[in-house]
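Here's the structure we're looking at; comments come further down.
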Amino acid sequence: MKTLYGSTPGEIETLVAAQGLPKYRAAQLLDWIYQKNVLEWDEIRNLPKGVLQKLSGEVRLTALEPVEEKKAVAGGSTKFLFKTPDGHFLESVLISQVDTADSREGGATTARGGRETVCVSTQLGCKIQCAFCASGQGKFTRNLTAGEIVEQVARIGRMTGKKITNVVFMGMGEPLDNYEATLKAVRILIEPWGFAFGARRVTVSTSGIIPKILEFVKAVDGRVRLSVSLHSSIDEVRSSLVPVNRRYPLKELMSVLRKINQDLKREITFEYTLIAGVNDSEEEAEGVSMLAKPLRAKINIIPYNPIAEFPHKAPTPEAAERFCDQLRRRGLHVTLRQTAGRDIDAACGQLRLDRMSKRAQRVTDNAQPDAK
């Protein structure tokens, strides 16, 4: 059954008209789901109960069922496990960050607000199968719907009571491999009739699905941030880490990114998972510089978060800083991302479908009454 979450104004107007209701009821429903993030029909106050009963017989309000919530010991990250209507499970992560600024009085650091970022999943599993990422190590199940994607944001906001400020499409799955649902979800997040996020507060990450990158940037008029998973400046190394590079090698990828940067005047950000002894050399720093400088691209360095299937090590803090310094000396804008949520398997690259299913099953089993 279709859900209201994930519906556009036109789709809700069609639903309302089919029930013989006035058109203004559609605008009311849009406000309740996307602005107020209601999760139950009885939370909708300005529609008659009879109308809500009719609608609930035709369409579901939501799709996801909360199963588990787990906070990192050190704080900063909270992982959420949700069950889909067809019995599968997905994970989302809330990343809480406090922005700081240097005070003029003695150089002390003071808080000046913060960000509450939801990292959403777009697929159950991932077909890209990056070597260092847990999401692609198991089987791929299916794409998520636009409703299942945006509902992750609504539910986490309601469950935590926090105002979500940013959304990143960096959870399980390759967003541009689920192109239509991702695009629809992005539009719901940024449109005034939807969640009304500032477009620059939404980031879509891709491993490099070249045929869809330019199409996506044009579809959103370049307003949404694009983040490209680079991970190596050397084709052979990148292919071993990101197998899609064999189909869409760096030369072709960079050609598309240059068009986005030069012709469309849009920013590019590279994500770079730093792995000790694999892609942390001086040669790599020089290669990354040659790729990024013509684009004036920003570089996010992410220390590798270990998984069992990829027995390599994260760089030491000193090695990570050294690599970042090598890039900065070459004139690049570099951010070293702090690892958060590793203790709850919520750090970058650690979301895993088979673990989610097993954990969810344990939660379900524990909720069952003892057998007589």
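Numbering starts fresh at 1 for the residues of each chain in the structure tokens, the chains themselves are lettered A, B, ... in the order given, and ligands are numbered from 1 as they appear.
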
What parts of region 162-220 of chain A does DSSP call alpha helix (DSSP H)? I'd like the answer as number ranges by chain. A: 179-190, 210-219

Dump of C-alpha atoms for the selected residues, as a PDB file, in the first residue's frame:
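As a result, part-v6.pdb now contains:
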```pdb
ATOM      1  CA  TYR A 179      18.112   7.491  -8.953  1.00  0.00           C
ATOM      2  CA  GLU A 180      14.376   8.201  -9.175  1.00  0.00           C
ATOM      3  CA  ALA A 181      13.674   7.618  -5.488  1.00  0.00           C
ATOM      4  CA  THR A 182      16.735   9.625  -4.449  1.00  0.00           C
ATOM      5  CA  LEU A 183      15.770  12.560  -6.660  1.00  0.00           C
ATOM      6  CA  LYS A 184      12.183  12.502  -5.404  1.00  0.00           C
ATOM      7  CA  ALA A 185      13.357  12.318  -1.783  1.00  0.00           C
ATOM      8  CA  VAL A 186      15.734  15.253  -2.305  1.00  0.00           C
ATOM      9  CA  ARG A 187      12.934  17.350  -3.759  1.00  0.00           C
ATOM     10  CA  ILE A 188      10.671  16.543  -0.818  1.00  0.00           C
ATOM     11  CA  LEU A 189      13.435  17.567   1.571  1.00  0.00           C
ATOM     12  CA  ILE A 190      14.207  20.933  -0.069  1.00  0.00           C
ATOM     13  CA  ILE A 210      28.822   8.731 -14.365  1.00  0.00           C
ATOM     14  CA  PRO A 211      25.624   8.547 -16.479  1.00  0.00           C
ATOM     15  CA  LYS A 212      23.573   9.814 -13.533  1.00  0.00           C
ATOM     16  CA  ILE A 213      25.879  12.438 -12.002  1.00  0.00           C
ATOM     17  CA  LEU A 214      25.342  15.193 -14.567  1.00  0.00           C
ATOM     18  CA  GLU A 215      21.651  14.307 -14.876  1.00  0.00           C
ATOM     19  CA  PHE A 216      21.214  14.651 -11.113  1.00  0.00           C
ATOM     20  CA  VAL A 217      23.072  17.957 -10.839  1.00  0.00           C
ATOM     21  CA  LYS A 218      20.962  19.430 -13.635  1.00  0.00           C
ATOM     22  CA  ALA A 219      17.745  18.050 -12.131  1.00  0.00           C
TER      23      ALA A 219
END
```

Residues at most 8 Å from Ser92 (chain A), counting only C-alpha atoms, excluding those fewer than 4 positions away in the same chain, as a PyMOL selection string? chain A and resi 79-81+118-121+152+171

Would you write out those residues with N, CA and C atoms, as a PDB file, in the first residue's frame?
```pdb
ATOM      1  N   LYS A  79      22.528   5.511  16.469  1.00  0.00           N
ATOM      2  CA  LYS A  79      22.116   4.669  15.342  1.00  0.00           C
ATOM      3  C   LYS A  79      20.694   4.173  15.573  1.00  0.00           C
ATOM      4  N   PHE A  80      19.911   4.157  14.485  1.00  0.00           N
ATOM      5  CA  PHE A  80      18.516   3.742  14.551  1.00  0.00           C
ATOM      6  C   PHE A  80      18.289   2.577  13.597  1.00  0.00           C
ATOM      7  N   LEU A  81      17.586   1.583  14.083  1.00  0.00           N
ATOM      8  CA  LEU A  81      17.219   0.424  13.270  1.00  0.00           C
ATOM      9  C   LEU A  81      15.719   0.477  13.019  1.00  0.00           C
ATOM     10  N   VAL A 118      21.210  13.910   9.838  1.00  0.00           N
ATOM     11  CA  VAL A 118      20.724  12.542   9.648  1.00  0.00           C
ATOM     12  C   VAL A 118      21.389  11.962   8.410  1.00  0.00           C
ATOM     13  N   CYS A 119      22.032  10.822   8.607  1.00  0.00           N
ATOM     14  CA  CYS A 119      22.637  10.071   7.507  1.00  0.00           C
ATOM     15  C   CYS A 119      21.637   8.999   7.094  1.00  0.00           C
ATOM     16  N   VAL A 120      21.055   9.141   5.901  1.00  0.00           N
ATOM     17  CA  VAL A 120      19.990   8.242   5.472  1.00  0.00           C
ATOM     18  C   VAL A 120      20.515   7.153   4.557  1.00  0.00           C
ATOM     19  N   SER A 121      19.851   6.014   4.592  1.00  0.00           N
ATOM     20  CA  SER A 121      20.114   4.922   3.660  1.00  0.00           C
ATOM     21  C   SER A 121      19.166   5.034   2.475  1.00  0.00           C
ATOM     22  N   GLN A 152      12.923   8.441   7.363  1.00  0.00           N
ATOM     23  CA  GLN A 152      14.040   8.300   8.301  1.00  0.00           C
ATOM     24  C   GLN A 152      14.313   9.636   8.996  1.00  0.00           C
ATOM     25  N   GLY A 171      24.296   6.752   3.900  1.00  0.00           N
ATOM     26  CA  GLY A 171      24.077   5.502   4.610  1.00  0.00           C
ATOM     27  C   GLY A 171      24.216   4.327   3.664  1.00  0.00           C
TER      28      GLY A 171
END
```

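Distance check against Pro192 (chain A) using only C-alpha atoms: of A:Leu250, A:Gly20, A:Gln28, A:Tyr34, the minimum falls on A:Tyr34.
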
Listing only residues of region 65-162 of chain A within 12 Å of region 256-278 of chain A, what is the closest atom pair and its distance in Å (to one decimal) for each, using only C-alpha atoms, sorted by chain and residue number ascending, as a Markdown table?
```
| residue | atom | partner | partner_atom | distance |
| --- | --- | --- | --- | --- |
| A:Cys130 | CA | A:Thr273 | CA | 11.1 |
| A:Ala131 | CA | A:Thr273 | CA | 11.2 |
| A:Phe132 | CA | A:Thr273 | CA | 8.7 |
| A:Cys133 | CA | A:Thr273 | CA | 10.0 |
```

Considering only C-alpha atoms, can you say which of A:Glu191, A:Glu68, A:Glu309, A:Glu151 comes closest to Pro9 (chain A)? A:Glu191

Between A:Arg337, A:Lys23, A:Arg155, A:Lys127, which is the closest to Glu11 (chain A) once you count only C-alpha atoms?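 Among the listed residues, A:Lys23 lies closest to Glu11 (chain A).
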
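A straight line drawn from CA of Leu64 (chain A) to CA of Lys139 (chain A) is 21.0 Å long.
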
From the DSSP assignment of the backbone, select every residue of region 54-298 of chain A that is strand (DSSP E), and format the answer as a PyMOL selection string. chain A and resi 65-71+77-83+89-102+109-119+123-124+142-143+166-169+202-206+225-229+269-274+298

Minimum-distance residue to Glu174 (chain A), chosen among A:Ala72, A:Thr160, A:Trp193, A:Val244 (using only C-alpha atoms): A:Val244

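Relative to CA of Ala285 (chain A), CA of Val237 (chain A) is found at 13.5 Å.
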
So that I can see what lies close to Asn37 (chain A), please list as a PDB file with C-alpha atoms, in the first residue's frame the residues with an atom at most 10 Å from it, counting only C-alpha atoms and leaving out residues fewer than 6 positions away in the same chain.
```pdb
ATOM      1  CA  TYR A   5       5.392   9.994   3.143  1.00  0.00           C
ATOM      2  CA  LEU A  30       1.261  18.096   3.232  1.00  0.00           C
ATOM      3  CA  ASP A  31       1.718  20.425   6.193  1.00  0.00           C
ATOM      4  CA  GLU A  43      -2.173  13.372  15.345  1.00  0.00           C
ATOM      5  CA  GLU A 151      10.652   9.088   6.761  1.00  0.00           C
ATOM      6  CA  VAL A 153      14.499  12.052   8.783  1.00  0.00           C
ATOM      7  CA  ALA A 154      11.019  12.590  10.199  1.00  0.00           C
ATOM      8  CA  ARG A 155      11.191   9.705  12.634  1.00  0.00           C
ATOM      9  CA  GLY A 157      13.550  14.149  14.556  1.00  0.00           C
ATOM     10  CA  ARG A 158      10.441  13.023  16.413  1.00  0.00           C
ATOM     11  CA  PHE A 195      10.626  19.634   4.728  1.00  0.00           C
TER      12      PHE A 195
END
```

Atom pair CA of Ser240 (chain A) / CA of Ala134 (chain A): separation (Å):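 Separating CA of Ser240 (chain A) from CA of Ala134 (chain A) is a distance of 15.2 Å.
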